[in-house]
Amino acid sequence: MEFAELIKTPRADNVILHRPFYPLVEGTLCLTGHHLIFSSRRQDNVEELWLLHSNIDSIEKRFLGSLGTIIIKCKDLRIIQLDIPGMEESLNIASSIEALSTLDSITLMYPFFYRPMFEVIEDGWHSFLPEQEFELLSSVTNEWRLSYVNKDFSVCPSYPPIVTVPKSIDDESLCKVATFRHGGRFPVLSYYHKKNGMVMMRSSQPLTGTNGRRCKEDEKLINATLRAGKRGYIIDTRSLNIAQQARAKGGGFEQEVHYPQWRRIHKSIERYNILQESLIKLVEACNDQSHNMDRWLSKLEASNWLTHIKEILTTACLAAQCIDREGASVLVHGTEGTDSTLQVTSLAQIILDPRCRTIRGFEALVEREWLQAGHPFQLRCAQSAYSNSKQKWEAPVFLLFLDCVWQILRQFPCSFEFNYHFLIMLFEHSYASQFGTFLGNNENERCKLKLPQKTMSLWSWVNRPEELNRFKNPLFEANSLVIWPSVAPQSLQLWEGVFLRWNRSSKFLDESYEEMINIIKYNKELQVKVNMLRRQLAELETDDSAQDDGMPESP
């Protein structure tokens with residue numbers, strides 16, 4: 001398909017752009033296969049807006065005489081308005097934008113056409129390979145191995161080709177366990193706690209059904225993670241009621257009689273359409289211009305967004321507590337093991353592992369626990385809060401995870417190497433990007449699409465020194481301790497950086513952030529001076545004592 005077929009009017013002049021906090025700008029609007037480009041060539045101020053069509057969630061059309069207005073609502077939650085003279089031009093541009101922003105084929109998306117303008121120092125597709133992660137693990141324990149049982153994706157379509165499993169379990173057993181777990185997602189290692197050797201594993205639900213089906217290989221695999229005389233915890237991210245209902249559909253949960261050393265805990269985390277509805281209600285509340293306090297608070301409460309944050313953080317803290325304080329291993333799963341399971345396992349690692357609070361460590365976590373673990377980004381991030389089409393599989397699962405990380409970062413501002421801009425950047429790229437990192441739903445799809453060969457990795461861009469500086473937290477001081485976030489309602493806040501950034505000016509926040517950086521820089525300069533003066537003082541004292549020693553004693 002040629003993009004030109006979809007572009008009825010490629011250019012319009014005398015278009016007026018409306019954006020929050022900016023004066024109106026008149027300029028030229030151009031449509032390309034992947035971008036909406038607005039440029040103002042005023043002599044006093046040249047302005048350009050480049051908007052990816054894939055970032056457009058919905059558009060609205062209005063007409064007043066021959067003047068057409070197009071309101072564009074984006075997946076990153078901003079809203080822009082274009083006033084276009086001429087009804088025919090307006091209709092043509094609107095229909096072109098609608099067609100270009102809803103392309104079905106992944107291979108027509110911008111990452112397949114994007115060519116970087118920067119020098120590629122590091123190939124991000126090879127930055128966080130399972131073999132590299134396993135090297136770190138094998139330096140502290142020899143009880144695990146890499147399995148290539150899924151090298152052709154035939155055992156589990158949503159798992160990567162390489163997974164980490166107990167050394168005592170062979171590949172034949174893994175194949176049997178895969179038939180006993182939803183979607184073939186057998187238990188694999190998620191995290192090893194160096195402090196006490198406890199582990200966190202993740203999987204999907206067991207297919208016990210109403211007949212109480214069992215799998216001895218599954219029992220053996222899970223028990224292989226236990227120390228002698230120790231119990232483990234199975235954290236099921238569904239309510240007991242939903243887990244019991246799943247049995248009628250062939251799913252279910254681990255029966256105590258077959259897993260006597262494991263205690264099952266149900267912690268309900270919502271999923272799919274409930275989360276999507278929550279996001280829609282929250283964004284609607286944030287865009288409410290009525291300035292009515294009661295209305296704002298009731299809408300915020302009705303969205304239940306902060307309740308979902310609390311549920312996820314509480315469950316992650318529970319998993320971390322079992323591992324660090326109880327000295328027990330943990331298995332986490334819900335139904336498929338691709339959504340709430342990954343929220344819990346990745347947040348537990350943020351709490352427990354200082355490495356995950358560094359920039360590269362966090363990137364490795366996203367790669368390992370989200371991309372390689374098979375979170376279906378293509379399905380979940382197909383639409384954001386403004387889409388008019390009927391929801392299918394959309395859900396802000398990854399955004400909720402990033403919001404939870406922001407809540408912890410806010411409570412421990414010195415323990416993270418990255419700042420909130422880093423988290424916002426990941427949110428934006430998960431919904432629309434020039435990079436191929438978040439395309440596809442799992443490694444299987446990414447391999448078929450040949451993404452590493454045909455697209456650029458987000459990490460190749462982010463990890464360049466000039467970009468990294470934007471994402472570094474000036475307050476960071478490495479903290480090797482476990483950090484325990486508060487999940488009390490009073491401790492949780494609305495993430496203004498995402499939900500209110502297009503509704504109110506961030507001018508004063510930006511200024512205070514700059515001032516903080518200047519103070520830290522000045523403090524470092526003073527510290528250097530103090531150290532230099534101390535050295536000089538120590539040298540002078542040494543010289544004085546040497547002179548005293550060399551002087552003859554008075555008679």
# chains A, B, ... in the order shown; residues from 1 in each chain; ligands from 1
$ residues_around --residues "Cys356 (chain A)" --least-positions-apart "5" --cutoff "10 Å" --atoms "only C-alpha atoms" --output "list of chain:residue names"
A:Ser346, A:Leu347, A:Gln349, A:Ile350, A:Ile351, A:Gly361, A:Phe362, A:Glu363, A:Ala364, A:Leu365, A:Val366, A:Phe416, A:Glu417
$ write_last_selection --atoms "N, CA and C atoms" --output "compact mmCIF listing (two decimals), in the first residue's frame"
# COMPACT_ATOMS: atom_id res chain seq x y z
N SER A 346 7.99 -7.21 38.99
CA SER A 346 8.93 -6.13 38.69
C SER A 346 8.99 -5.10 39.83
N LEU A 347 7.84 -4.78 40.44
CA LEU A 347 7.85 -3.82 41.56
C LEU A 347 8.53 -4.42 42.80
N GLN A 349 11.02 -6.31 42.73
CA GLN A 349 12.46 -6.18 42.47
C GLN A 349 12.94 -4.75 42.68
N ILE A 350 12.10 -3.77 42.36
CA ILE A 350 12.45 -2.35 42.64
C ILE A 350 12.67 -2.18 44.15
N ILE A 351 11.79 -2.82 44.93
CA ILE A 351 11.87 -2.72 46.40
C ILE A 351 13.12 -3.42 46.93
N GLY A 361 19.89 -0.81 35.17
CA GLY A 361 19.20 -1.89 35.88
C GLY A 361 17.70 -1.87 35.63
N PHE A 362 17.13 -0.65 35.55
CA PHE A 362 15.70 -0.52 35.29
C PHE A 362 15.38 -0.91 33.85
N GLU A 363 16.26 -0.51 32.93
CA GLU A 363 16.07 -0.91 31.53
C GLU A 363 16.10 -2.44 31.40
N ALA A 364 17.05 -3.05 32.12
CA ALA A 364 17.15 -4.52 32.10
C ALA A 364 15.89 -5.15 32.67
N LEU A 365 15.32 -4.52 33.71
CA LEU A 365 14.09 -5.01 34.33
C LEU A 365 12.92 -4.94 33.34
N VAL A 366 12.78 -3.81 32.64
CA VAL A 366 11.70 -3.66 31.65
C VAL A 366 11.88 -4.69 30.54
N PHE A 416 17.02 6.54 43.61
CA PHE A 416 16.88 6.19 42.20
C PHE A 416 17.84 7.02 41.35
N GLU A 417 18.52 6.34 40.42
CA GLU A 417 19.45 7.06 39.54
C GLU A 417 18.69 7.85 38.49
$ select_by_dssp --residues "region 182-375 of chain A" --states "alpha helix (DSSP H)" --output "PyMOL selection string"
chain A and resi 216-223+240-248+273-286+293-303+305-324+340-352+359-366
$ select_by_dssp --residues "region 206-407 of chain A" --states "strand (DSSP E or B)" --output "list in words"
Pro206, Gly232, Tyr233, Ile234, Ile235, Asp236, Trp262, Arg263, Arg264, Ile265, His266, Ser329, Val330, Leu331, Val332 and His333 of chain A
$ residues_around --residues "region 328-335 of chain A" --least-positions-apart "4" --cutoff "8 Å" --atoms "only C-alpha atoms" --output "ChimeraX atom specification"
/A:182,187,198-205,225-226,230-238,251,319,322-324,340-341,344-345
$ residues_around --residues "Gly209 (chain A)" --least-positions-apart "2" --cutoff "6 Å" --atoms "only C-alpha atoms" --output "ChimeraX atom specification"
/A:207,211-212,247,250-252
$ residues_around --residues "Ser58 (chain A)" --least-positions-apart "4" --cutoff "7 Å" --atoms "only C-alpha atoms" --output "list in words"
Ile72, Lys73, Cys74, Tyr386, Ser387 and Asn388 of chain A
$ write_last_selection --atoms "all heavy atoms" --output "tab-separated table (two decimals), in the first residue's frame"
chain	number	residue	atom	x	y	z
A	72	ILE	N	-7.46	17.08	17.89
A	72	ILE	CA	-6.68	15.83	17.90
A	72	ILE	C	-6.35	15.46	19.35
A	72	ILE	O	-5.75	16.26	20.08
A	72	ILE	CB	-5.38	15.99	17.09
A	72	ILE	CG1	-5.73	16.27	15.62
A	72	ILE	CG2	-4.50	14.75	17.21
A	72	ILE	CD1	-4.52	16.59	14.76
A	73	LYS	N	-6.79	14.27	19.76
A	73	LYS	CA	-6.52	13.78	21.12
A	73	LYS	C	-5.48	12.66	21.02
A	73	LYS	O	-5.67	11.71	20.28
A	73	LYS	CB	-7.81	13.29	21.76
A	73	LYS	CG	-8.85	14.40	21.90
A	73	LYS	CD	-10.10	13.95	22.61
A	73	LYS	CE	-11.04	15.13	22.83
A	73	LYS	NZ	-12.27	14.74	23.54
A	74	CYS	N	-4.42	12.84	21.76
A	74	CYS	CA	-3.25	11.96	21.60
A	74	CYS	C	-3.15	10.90	22.70
A	74	CYS	O	-3.70	11.06	23.79
A	74	CYS	CB	-1.97	12.79	21.60
A	74	CYS	SG	-1.96	14.05	20.31
A	386	TYR	N	-8.63	8.35	25.02
A	386	TYR	CA	-9.58	9.14	24.23
A	386	TYR	C	-10.26	8.37	23.10
A	386	TYR	O	-11.09	8.92	22.39
A	386	TYR	CB	-8.85	10.34	23.60
A	386	TYR	CG	-8.30	11.32	24.60
A	386	TYR	CD1	-6.94	11.65	24.58
A	386	TYR	CD2	-9.11	11.94	25.53
A	386	TYR	CE1	-6.41	12.57	25.47
A	386	TYR	CE2	-8.59	12.86	26.43
A	386	TYR	CZ	-7.24	13.18	26.40
A	386	TYR	OH	-6.73	14.08	27.27
A	387	SER	N	-9.88	7.13	22.90
A	387	SER	CA	-10.38	6.41	21.72
A	387	SER	C	-11.89	6.21	21.76
A	387	SER	O	-12.47	5.95	22.82
A	387	SER	CB	-9.69	5.04	21.63
A	387	SER	OG	-10.21	4.34	20.54
A	388	ASN	N	-12.52	6.35	20.60
A	388	ASN	CA	-13.98	6.17	20.50
A	388	ASN	C	-14.36	4.74	20.15
A	388	ASN	O	-15.50	4.34	20.32
A	388	ASN	CB	-14.55	7.10	19.42
A	388	ASN	CG	-14.28	8.56	19.74
A	388	ASN	OD1	-14.39	8.96	20.89
A	388	ASN	ND2	-13.90	9.34	18.74
